[in-house]
Structure formats: structure tokens, C-alpha cells
$ cat upload.cif   # mmCIF, C-alpha atoms and all ligand atoms
data_structure
#
loop_
_atom_site.label_atom_id
_atom_site.label_comp_id
_atom_site.auth_asym_id
_atom_site.auth_seq_id
_atom_site.Cartn_x
_atom_site.Cartn_y
_atom_site.Cartn_z
CA MET A 17 116.74 151.58 98.12
CA ARG A 18 116.44 151.74 101.87
CA ILE A 19 115.16 154.98 103.42
CA ASP A 20 115.19 155.54 107.19
CA ILE A 21 113.35 158.55 108.55
CA ILE A 22 113.79 159.97 112.05
CA SER A 23 110.72 161.91 113.19
CA VAL A 24 108.99 163.25 116.29
CA ALA A 25 105.62 162.84 114.55
CA PRO A 26 105.78 159.37 112.94
CA ASP A 27 101.96 159.24 112.52
CA LEU A 28 102.20 162.02 109.96
CA LEU A 29 104.28 159.74 107.76
CA GLU A 30 102.10 156.62 107.85
CA SER A 31 99.58 157.48 105.19
CA PRO A 32 101.74 159.07 102.44
CA PHE A 33 103.86 155.93 102.14
CA ASN A 34 100.96 153.53 101.94
CA HIS A 35 99.49 154.78 98.69
CA SER A 36 99.86 154.15 95.00
CA ILE A 37 103.35 154.37 93.61
CA ILE A 38 105.25 154.30 96.89
CA LYS A 39 103.21 151.35 98.05
CA ARG A 40 103.91 149.56 94.79
CA ALA A 41 107.63 150.28 95.15
CA LYS A 42 107.56 148.78 98.64
CA ASN A 43 105.58 145.74 97.53
CA LYS A 44 107.98 145.11 94.64
CA GLY A 45 110.91 145.29 97.08
CA LEU A 46 112.36 148.32 95.28
CA ALA A 47 112.05 150.63 98.27
CA GLU A 48 112.03 149.99 101.98
CA ILE A 49 110.93 152.91 104.15
CA ILE A 50 111.36 152.67 107.91
CA ILE A 51 110.23 155.37 110.32
CA HIS A 52 111.94 155.85 113.68
CA ASP A 53 110.27 157.71 116.54
CA LEU A 54 112.82 160.14 118.00
CA ARG A 55 110.85 160.24 121.25
CA GLU A 56 112.09 156.71 122.00
CA TYR A 57 115.58 158.18 122.26
CA GLY A 58 114.47 161.06 124.53
CA LEU A 59 116.28 161.76 127.79
CA GLY A 60 115.03 160.87 131.25
CA ASN A 61 111.57 159.90 132.47
CA TYR A 62 109.93 162.51 130.28
CA LYS A 63 111.80 161.37 127.18
CA GLN A 64 112.94 164.93 126.63
CA ILE A 65 114.01 165.79 123.09
CA ASP A 66 114.10 169.60 123.08
CA ASP A 67 115.27 172.44 125.29
CA THR A 68 115.45 176.24 125.39
CA GLN A 69 118.10 178.03 123.32
CA PHE A 70 121.41 179.13 124.72
CA GLY A 71 121.59 182.91 124.42
CA GLY A 72 117.83 183.25 124.89
CA GLY A 73 115.07 183.61 122.34
CA ALA A 74 111.68 182.11 121.69
CA GLY A 75 111.25 178.52 120.58
CA MET A 76 112.65 175.18 121.64
CA VAL A 77 115.65 173.57 119.98
CA MET A 78 115.97 169.83 119.37
CA MET A 79 118.80 168.46 121.50
CA ILE A 80 121.83 166.69 120.10
CA GLU A 81 121.85 163.64 122.39
CA PRO A 82 118.60 161.91 121.35
CA ILE A 83 119.39 162.52 117.69
CA ALA A 84 122.99 161.37 118.03
CA ASN A 85 121.90 158.21 119.88
CA CYS A 86 119.34 157.39 117.21
CA ILE A 87 121.72 158.02 114.30
CA LYS A 88 124.52 156.01 115.95
CA LYS A 89 122.21 153.07 116.51
CA LEU A 90 121.08 153.11 112.88
CA GLN A 91 124.69 153.37 111.70
CA VAL A 92 125.52 150.08 113.42
CA GLU A 93 123.24 148.35 110.90
CA ARG A 94 124.31 150.15 107.73
CA SER A 95 126.30 153.05 106.44
CA TYR A 96 124.37 155.84 104.77
CA ASP A 97 125.13 157.43 101.43
CA GLU A 98 123.48 160.61 102.67
CA ILE A 99 122.13 161.85 105.99
CA ILE A 100 119.63 164.51 105.01
CA TYR A 101 118.15 167.18 107.26
CA MET A 102 114.83 168.63 106.09
CA THR A 103 114.82 172.34 106.91
CA PRO A 104 113.50 175.56 105.35
CA ASP A 105 116.97 177.16 105.65
CA ALA A 106 118.54 175.04 102.92
CA LYS A 107 118.76 174.78 99.15
CA THR A 108 115.43 174.03 97.50
CA LEU A 109 114.70 170.53 96.23
CA ASN A 110 114.71 170.20 92.45
CA GLN A 111 114.47 167.38 89.93
CA SER A 112 118.22 167.10 89.59
CA THR A 113 118.61 166.42 93.34
CA ALA A 114 115.79 163.86 93.17
CA ASN A 115 117.50 162.13 90.24
CA THR A 116 120.81 161.94 92.09
CA LEU A 117 119.22 160.60 95.28
CA SER A 118 117.24 157.95 93.39
CA LEU A 119 120.54 156.20 92.59
CA LYS A 120 121.59 155.80 96.26
CA GLU A 121 121.34 152.61 98.32
CA ASN A 122 120.82 153.94 101.85
CA ILE A 123 119.44 157.30 102.83
CA LEU A 124 118.70 158.63 106.31
CA ILE A 125 116.32 161.59 106.62
CA LEU A 126 116.04 163.68 109.78
CA THR A 127 112.95 165.85 110.13
CA GLY A 128 112.99 168.84 112.44
CA HIS A 129 110.40 170.55 114.59
CA TYR A 130 110.33 173.54 116.90
CA LYS A 131 112.98 176.17 116.25
CA GLY A 132 115.32 173.68 114.63
CA ILE A 133 118.06 171.33 115.75
CA ASP A 134 121.26 172.01 117.67
CA GLN A 135 123.79 173.21 115.09
CA ARG A 136 126.24 170.51 116.22
CA VAL A 137 123.97 167.82 114.76
CA ARG A 138 124.23 169.58 111.41
CA ASP A 139 128.00 169.98 111.72
CA LYS A 140 128.69 166.41 112.75
CA TYR A 141 126.13 164.15 111.08
CA ILE A 142 124.27 165.87 108.27
CA THR A 143 125.67 165.47 104.75
CA LYS A 144 122.88 167.25 102.89
CA GLU A 145 120.19 169.79 103.80
CA ILE A 146 117.01 170.15 101.77
CA SER A 147 114.09 172.60 101.81
CA ILE A 148 111.00 172.07 99.66
CA GLY A 149 110.28 175.75 99.07
CA ASP A 150 110.27 179.27 100.41
CA TYR A 151 107.59 178.95 103.07
CA VAL A 152 107.57 177.46 106.56
CA LEU A 153 105.87 174.20 107.53
CA THR A 154 105.14 173.09 111.09
CA GLY A 155 107.64 170.29 110.80
CA GLY A 156 109.83 168.49 108.30
CA GLU A 157 107.57 165.41 107.99
CA LEU A 158 105.47 166.64 105.08
CA ALA A 159 108.63 167.88 103.41
CA ALA A 160 110.21 164.43 103.88
CA ALA A 161 107.10 162.84 102.35
CA VAL A 162 107.51 165.12 99.33
CA LEU A 163 111.18 164.24 98.99
CA VAL A 164 110.60 160.50 99.30
CA ASP A 165 107.79 160.59 96.74
CA ALA A 166 109.93 162.55 94.26
CA VAL A 167 112.84 160.13 94.72
CA VAL A 168 111.10 156.75 94.93
CA ARG A 169 109.12 157.19 91.71
CA LEU A 170 112.44 157.56 89.88
CA ILE A 171 113.86 154.22 91.03
CA PRO A 172 114.04 152.00 87.93
CA GLY A 173 111.07 149.64 87.81
CA VAL A 174 108.82 151.67 90.10
CA ILE A 175 106.81 153.37 87.39
CA GLY A 176 105.40 150.85 84.93
CA ASP A 177 105.63 153.00 81.85
CA GLU A 178 109.37 153.74 81.68
CA GLN A 179 108.75 156.71 79.44
CA SER A 180 106.66 158.60 81.88
CA ALA A 181 109.25 159.58 84.51
CA LEU A 182 111.47 160.85 81.72
CA THR A 183 108.85 163.10 80.17
CA ASP A 184 107.86 164.78 83.44
CA SER A 185 107.90 168.49 83.83
CA PHE A 186 111.39 169.59 84.89
CA GLN A 187 113.17 166.49 83.65
CA ASP A 188 114.59 168.72 80.91
CA ASN A 189 114.04 171.99 82.79
CA LEU A 190 110.79 172.59 80.88
CA LEU A 191 107.20 172.49 82.07
CA SER A 192 104.97 169.82 80.52
CA PRO A 193 102.92 170.61 77.43
CA PRO A 194 99.09 170.51 77.71
CA VAL A 195 97.46 167.07 77.51
CA TYR A 196 93.99 165.99 76.40
CA THR A 197 91.83 162.88 76.41
CA ARG A 198 88.35 161.96 75.14
CA PRO A 199 86.00 163.51 74.14
CA ALA A 200 87.64 165.27 71.19
CA GLU A 201 85.09 168.03 71.63
CA PHE A 202 83.40 169.22 74.83
CA GLU A 203 80.82 172.03 74.76
CA GLY A 204 82.45 173.46 71.67
CA MET A 205 86.02 173.19 73.06
CA LYS A 206 88.10 171.18 70.63
CA VAL A 207 91.30 169.25 71.17
CA PRO A 208 94.11 170.72 69.01
CA GLU A 209 93.85 169.19 65.53
CA ILE A 210 97.49 168.11 65.44
CA LEU A 211 96.98 165.62 68.32
CA LEU A 212 94.33 163.78 66.27
CA SER A 213 96.48 163.71 63.12
CA GLY A 214 98.48 160.56 63.82
CA ASN A 215 101.58 162.40 62.61
CA PHE A 216 103.86 161.59 65.53
CA PRO A 217 106.96 163.56 64.53
CA LYS A 218 104.74 166.63 64.13
CA ILE A 219 103.05 165.90 67.46
CA ASP A 220 106.48 165.75 69.15
CA ASP A 221 107.39 169.11 67.62
CA TRP A 222 104.09 170.62 68.76
CA ARG A 223 104.61 169.34 72.31
CA SER A 224 108.14 170.75 72.47
CA GLU A 225 106.89 174.09 71.23
CA LYS A 226 104.06 174.20 73.79
CA ALA A 227 106.40 173.11 76.60
CA PHE A 228 108.72 175.95 75.69
CA GLU A 229 105.88 178.50 75.45
CA ARG A 230 104.46 177.46 78.79
CA THR A 231 107.87 177.64 80.46
CA GLU A 232 108.55 181.06 78.97
CA GLN A 233 105.23 182.35 80.30
CA ILE A 234 105.12 180.77 83.75
CA ARG A 235 108.71 179.96 84.72
CA PRO A 236 111.11 182.02 82.58
CA ASP A 237 113.73 181.50 85.32
CA LEU A 238 114.03 177.85 84.22
CA LEU A 239 115.24 178.95 80.79
CA GLU A 240 118.01 181.09 82.20
CA ASP A 241 120.48 178.29 82.91
CL1 LIG A 301 112.16 170.86 104.78
N1 LIG A 301 110.80 171.96 106.75
C1 LIG A 301 109.95 172.88 107.24
N2 LIG A 301 109.65 172.83 108.53
N3 LIG A 301 109.42 173.84 106.51
C2 LIG A 301 109.73 173.85 105.23
C3 LIG A 301 110.59 172.93 104.64
C4 LIG A 301 111.12 171.98 105.44
N4 LIG A 301 110.72 173.23 103.34
C5 LIG A 301 109.96 174.29 103.14
N5 LIG A 301 109.37 174.69 104.27
#
$ encode --input "upload.cif" --output "C-alpha cells"
Amino acid sequence: MRIDIISVAPDLLESPFNHSIIKRAKNKGLAEIIIHDLREYGLGNYKQIDDTQFGGGAGMVMMIEPIANCIKKLQVERSYDEIIYMTPDAKTLNQSTANTLSLKENILILTGHYKGIDQRVRDKYITKEISIGDYVLTGGELAAAVLVDAVVRLIPGVIGDEQSALTDSFQDNLLSPPVYTRPAEFEGMKVPEILLSGNFPKIDDWRSEKAFERTEQIRPDLLED
């Protein structure tokens, strides 16, 4: 999968993509992530990328021209399955969206700053808008890093143990059951007997039961649909 990201703060995106699983995905040639500095497409000597809002109001708005020029240039090289705008005023990212995106070939992600982007960018270029939760971040970069991490780890071959992406929390709309490792007893706290029993069908049942209990307690909304 090829992921292009347009950003006004490319530095923020360096580190998250050079660690662990994402790095492995890049090294194996399973994911290619390229960051484009929107400032390079800014207008005039000052490389302007934002301006005050028509109609008045606080906060600068990202202009359409630099973004349009950047997107058009990228579209000469490839056509994108999705052009995604990261913004808090969108539907929240969930596992199902991550699963769908992990099957795409080419994705372009636009990250916003300031008060947002000129609505005409959204109308003309954006095919999907994603928020990562009901709170506001300074910019879309960290949100884009979250999205890319959630998607890239699902690309077949990225995670060594094929099981593990499938048994994640949320993959079946349930939270994960509790997990334990050695020692079997720590300061009087014992690991549940069943996990030491070697009875794997029973262990599976126990895990399902605990996953359900945990979901019921913490995220009952997940059980509604
Ligand atoms: Cl995608 N962007 C910003 N700036 N804030 C957010 C967000 C995105 N998702 C949640 N909060």
C-alpha cells in the first residue's frame, strides 16, 4: 500500500512511522509512506497557505490553492482510492473503517490546522473524512499517525503472528479478555486456574466470557448493534 500524507507540520510525522511495526512494514515493502510539506505549495514569497475567513470570525482557514496544487501534482503520478481529510468534525474512526482501508492500494491523507480548510477542498477533492475521537487536537498530524498505524498493521504480512490482528479488541466488536504471563503467582495474586489447565476449548470459552463481561461493563454501547 502507498500512503501519501499532506501536512503543514511534516516533522511531527517523522518519528511515528520509523518505529516497530510500521517500520517493519516499510522495510518489507508492504507499505510506502511519503510525507509532503504543504508549505512548498504556498503562495507568493511568504509561501502563504492560510487566510482569514470570509464573513469574519477568529482563526485562519487553509486556502484551496496550495492544497489543490499539491493534490493535482500527486494525482499525475497515481490515482487514489481515497482522499481522506483528518478533521474532528467527521465520523469517528473504528476498526471496520481501518479494515476497509487496509485493502486499498493508494491513499492520500490531508491533515488540517488552524480553523480548518476551505469547504471547497472538501467538496471537490475529499472522498472520506475521519475524526479519531470527540476532542480537539492542534492539528491532524497525530490523528493521521493514529489512522496509518491502525491501517498498516492490518496489511497481510505486516504482523508476524497472523492470529494476533484478528483477535484484537474490536475486531468482533468486543473488548479483549484479560491476559497474564509468568509468574503464575505474584504477591499472593494468582493467575486464573483455567489458563494453566491446558484445556484449550475451555480456555477459549473462558476468554469469550470475559471479553463479553468486560464489554458489558466498560463499553455496553458496542453490544447494541
Ligand atoms: Cl482528525 N483532527 C484534529 N485536529 N483534532 C481531532 C481529530 C482530527 N480527531 C479528533 N480530534
$ closest_atom_pairs --input "upload.cif" --of "chain A" --to "ligand LIG 301 (chain A)" --cutoff "10 Å" --atoms "all atoms listed in the file" --output "Markdown table"
| residue | atom | partner | partner_atom | distance |
| --- | --- | --- | --- | --- |
| A:Ile100 | CA | A:LIG301 | CL1 | 9.8 |
| A:Tyr101 | CA | A:LIG301 | CL1 | 7.5 |
| A:Met102 | CA | A:LIG301 | CL1 | 3.7 |
| A:Thr103 | CA | A:LIG301 | CL1 | 3.7 |
| A:Pro104 | CA | A:LIG301 | C3 | 4.0 |
| A:Asp105 | CA | A:LIG301 | C3 | 7.7 |
| A:Ala106 | CA | A:LIG301 | CL1 | 7.9 |
| A:Lys107 | CA | A:LIG301 | N4 | 9.2 |
| A:Thr108 | CA | A:LIG301 | N4 | 7.5 |
| A:Leu109 | CA | A:LIG301 | N4 | 8.6 |
| A:Leu126 | CA | A:LIG301 | CL1 | 9.6 |
| A:Thr127 | CA | A:LIG301 | N1 | 7.3 |
| A:Gly128 | CA | A:LIG301 | N2 | 6.5 |
| A:His129 | CA | A:LIG301 | N2 | 6.5 |
| A:Tyr130 | CA | A:LIG301 | N2 | 8.4 |
| A:Lys131 | CA | A:LIG301 | N2 | 9.0 |
| A:Gly132 | CA | A:LIG301 | N2 | 8.4 |
| A:Glu145 | CA | A:LIG301 | CL1 | 8.2 |
| A:Ile146 | CA | A:LIG301 | CL1 | 5.8 |
| A:Ser147 | CA | A:LIG301 | N4 | 3.8 |
| A:Ile148 | CA | A:LIG301 | N4 | 3.9 |
| A:Gly149 | CA | A:LIG301 | C5 | 4.3 |
| A:Asp150 | CA | A:LIG301 | C5 | 5.7 |
| A:Tyr151 | CA | A:LIG301 | N5 | 4.8 |
| A:Val152 | CA | A:LIG301 | N5 | 4.0 |
| A:Leu153 | CA | A:LIG301 | N3 | 3.7 |
| A:Thr154 | CA | A:LIG301 | N2 | 5.2 |
| A:Gly155 | CA | A:LIG301 | N2 | 4.0 |
| A:Gly156 | CA | A:LIG301 | N1 | 3.9 |
| A:Glu157 | CA | A:LIG301 | N1 | 7.4 |
| A:Leu158 | CA | A:LIG301 | N1 | 7.7 |
| A:Ala159 | CA | A:LIG301 | CL1 | 4.8 |
| A:Ala160 | CA | A:LIG301 | CL1 | 6.8 |
| A:Ala161 | CA | A:LIG301 | CL1 | 9.8 |
| A:Val162 | CA | A:LIG301 | CL1 | 9.2 |
| A:Leu163 | CA | A:LIG301 | CL1 | 8.8 |
$ write_last_selection --input "upload.cif" --atoms "C-alpha atoms" --output "short mmCIF file (atom, residue, chain, number, x, y, z; two decimals), in the frame of the given file"
data_model
loop_
_atom_site.label_atom_id
_atom_site.label_comp_id
_atom_site.auth_asym_id
_atom_site.auth_seq_id
_atom_site.Cartn_x
_atom_site.Cartn_y
_atom_site.Cartn_z
CA ILE A 100 119.63 164.51 105.01
CA TYR A 101 118.15 167.18 107.26
CA MET A 102 114.83 168.63 106.09
CA THR A 103 114.82 172.34 106.91
CA PRO A 104 113.50 175.56 105.35
CA ASP A 105 116.97 177.16 105.65
CA ALA A 106 118.54 175.04 102.92
CA LYS A 107 118.76 174.78 99.15
CA THR A 108 115.43 174.03 97.50
CA LEU A 109 114.70 170.53 96.23
CA LEU A 126 116.04 163.68 109.78
CA THR A 127 112.95 165.85 110.13
CA GLY A 128 112.99 168.84 112.44
CA HIS A 129 110.40 170.55 114.59
CA TYR A 130 110.33 173.54 116.90
CA LYS A 131 112.98 176.17 116.25
CA GLY A 132 115.32 173.68 114.63
CA GLU A 145 120.19 169.79 103.80
CA ILE A 146 117.01 170.15 101.77
CA SER A 147 114.09 172.60 101.81
CA ILE A 148 111.00 172.07 99.66
CA GLY A 149 110.28 175.75 99.07
CA ASP A 150 110.27 179.27 100.41
CA TYR A 151 107.59 178.95 103.07
CA VAL A 152 107.57 177.46 106.56
CA LEU A 153 105.87 174.20 107.53
CA THR A 154 105.14 173.09 111.09
CA GLY A 155 107.64 170.29 110.80
CA GLY A 156 109.83 168.49 108.30
CA GLU A 157 107.57 165.41 107.99
CA LEU A 158 105.47 166.64 105.08
CA ALA A 159 108.63 167.88 103.41
CA ALA A 160 110.21 164.43 103.88
CA ALA A 161 107.10 162.84 102.35
CA VAL A 162 107.51 165.12 99.33
CA LEU A 163 111.18 164.24 98.99
#
$ residues_near_point --input "upload.cif" --point "(118.7, 160.4, 117.6)" --cutoff "10 Å" --atoms "all atoms listed in the file" --output "NGL selection string"
:A and (22-23 or 52-58 or 65 or 78-90 or 126 or 137)
$ write_last_selection --input "upload.cif" --atoms "C-alpha atoms" --output "tab-separated table (two decimals), in the frame of the given file"
chain	number	residue	atom	x	y	z
A	22	ILE	CA	113.79	159.97	112.05
A	23	SER	CA	110.72	161.91	113.19
A	52	HIS	CA	111.94	155.85	113.68
A	53	ASP	CA	110.27	157.71	116.54
A	54	LEU	CA	112.82	160.14	118.00
A	55	ARG	CA	110.85	160.24	121.25
A	56	GLU	CA	112.09	156.71	122.00
A	57	TYR	CA	115.58	158.18	122.26
A	58	GLY	CA	114.47	161.06	124.53
A	65	ILE	CA	114.01	165.79	123.09
A	78	MET	CA	115.97	169.83	119.37
A	79	MET	CA	118.80	168.46	121.50
A	80	ILE	CA	121.83	166.69	120.10
A	81	GLU	CA	121.85	163.64	122.39
A	82	PRO	CA	118.60	161.91	121.35
A	83	ILE	CA	119.39	162.52	117.69
A	84	ALA	CA	122.99	161.37	118.03
A	85	ASN	CA	121.90	158.21	119.88
A	86	CYS	CA	119.34	157.39	117.21
A	87	ILE	CA	121.72	158.02	114.30
A	88	LYS	CA	124.52	156.01	115.95
A	89	LYS	CA	122.21	153.07	116.51
A	90	LEU	CA	121.08	153.11	112.88
A	126	LEU	CA	116.04	163.68	109.78
A	137	VAL	CA	123.97	167.82	114.76
$ closest_atom_pairs --input "upload.cif" --of "range 98-215 of chain A" --to "range 225-233 of chain A" --cutoff "10 Å" --atoms "only C-alpha atoms" --output "CSV"
residue,atom,partner,partner_atom,distance
A:Ser185,CA,A:Ala227,CA,8.7
A:Phe186,CA,A:Thr231,CA,9.8
A:Asn189,CA,A:Thr231,CA,8.7
A:Leu190,CA,A:Thr231,CA,5.8
A:Leu191,CA,A:Thr231,CA,5.4
A:Ser192,CA,A:Ala227,CA,5.3
A:Pro193,CA,A:Ala227,CA,4.4
A:Pro194,CA,A:Lys226,CA,7.3
$ residues_near_point --input "upload.cif" --point "(122.9, 159.1, 102.1)" --cutoff "7 Å" --atoms "all atoms listed in the file" --output "mmCIF file with C-alpha atoms, in the coordinates of the input"
data_model
loop_
_atom_site.group_PDB
_atom_site.id
_atom_site.type_symbol
_atom_site.label_atom_id
_atom_site.label_comp_id
_atom_site.auth_asym_id
_atom_site.auth_seq_id
_atom_site.Cartn_x
_atom_site.Cartn_y
_atom_site.Cartn_z
ATOM 1 C CA TYR A 96 124.370 155.840 104.770
ATOM 2 C CA ASP A 97 125.130 157.430 101.430
ATOM 3 C CA GLU A 98 123.480 160.610 102.670
ATOM 4 C CA ILE A 99 122.130 161.850 105.990
ATOM 5 C CA ILE A 100 119.630 164.510 105.010
ATOM 6 C CA LYS A 120 121.590 155.800 96.260
ATOM 7 C CA ASN A 122 120.820 153.940 101.850
ATOM 8 C CA ILE A 123 119.440 157.300 102.830
ATOM 9 C CA LEU A 124 118.700 158.630 106.310
#
$ closest_atom_pairs --input "upload.cif" --of "range 98-147 of chain A" --to "range 166-175 of chain A" --cutoff "9 Å" --atoms "only C-alpha atoms" --output "tab-separated table"
residue	atom	partner	partner_atom	distance
A:Gln111	CA	A:Ala166	CA	7.9
A:Thr113	CA	A:Val167	CA	8.6
A:Ala114	CA	A:Val167	CA	5.0
A:Asn115	CA	A:Val167	CA	6.8
A:Thr116	CA	A:Val167	CA	8.6
A:Leu117	CA	A:Val167	CA	6.4
A:Ser118	CA	A:Val167	CA	5.1
A:Leu119	CA	A:Ile171	CA	7.1
$ residues_around --input "upload.cif" --residues "Glu48 in chain A" --least-positions-apart "4" --cutoff "10 Å" --atoms "all atoms listed in the file" --output "list in words"
Met17, Arg18, Ile19, Asp20, Ile38, Lys39, Ala41, Lys42, Asn43, Lys44, Asn122 and Val168 of chain A
$ atom_distance --input "upload.cif" --atom1 "CA of Gln187 in chain A" --atom2 "CA of Pro236 in chain A"
15.7 Å
$ axis_aligned_box --input "upload.cif" --around "range 119-125 of chain A" --padding-each-side "4 Å" --output "lines of an AutoDock Vina configuration file"
center_x = 119.0
center_y = 157.1
center_z = 99.6
size_x = 13.3
size_y = 17.0
size_z = 22.0
$ closest_residue --input "upload.cif" --among "A:Asn34, A:Gln91, A:Gln135, A:Asn110" --to "Phe70 in chain A" --atoms "only C-alpha atoms"
A:Gln135
$ atom_distance --input "upload.cif" --atom1 "CA of Val164 in chain A" --atom2 "CA of Lys144 in chain A"
14.5 Å
$ atom_distance --input "upload.cif" --atom1 "CA of Ile49 in chain A" --atom2 "CA of Arg94 in chain A"
14.1 Å
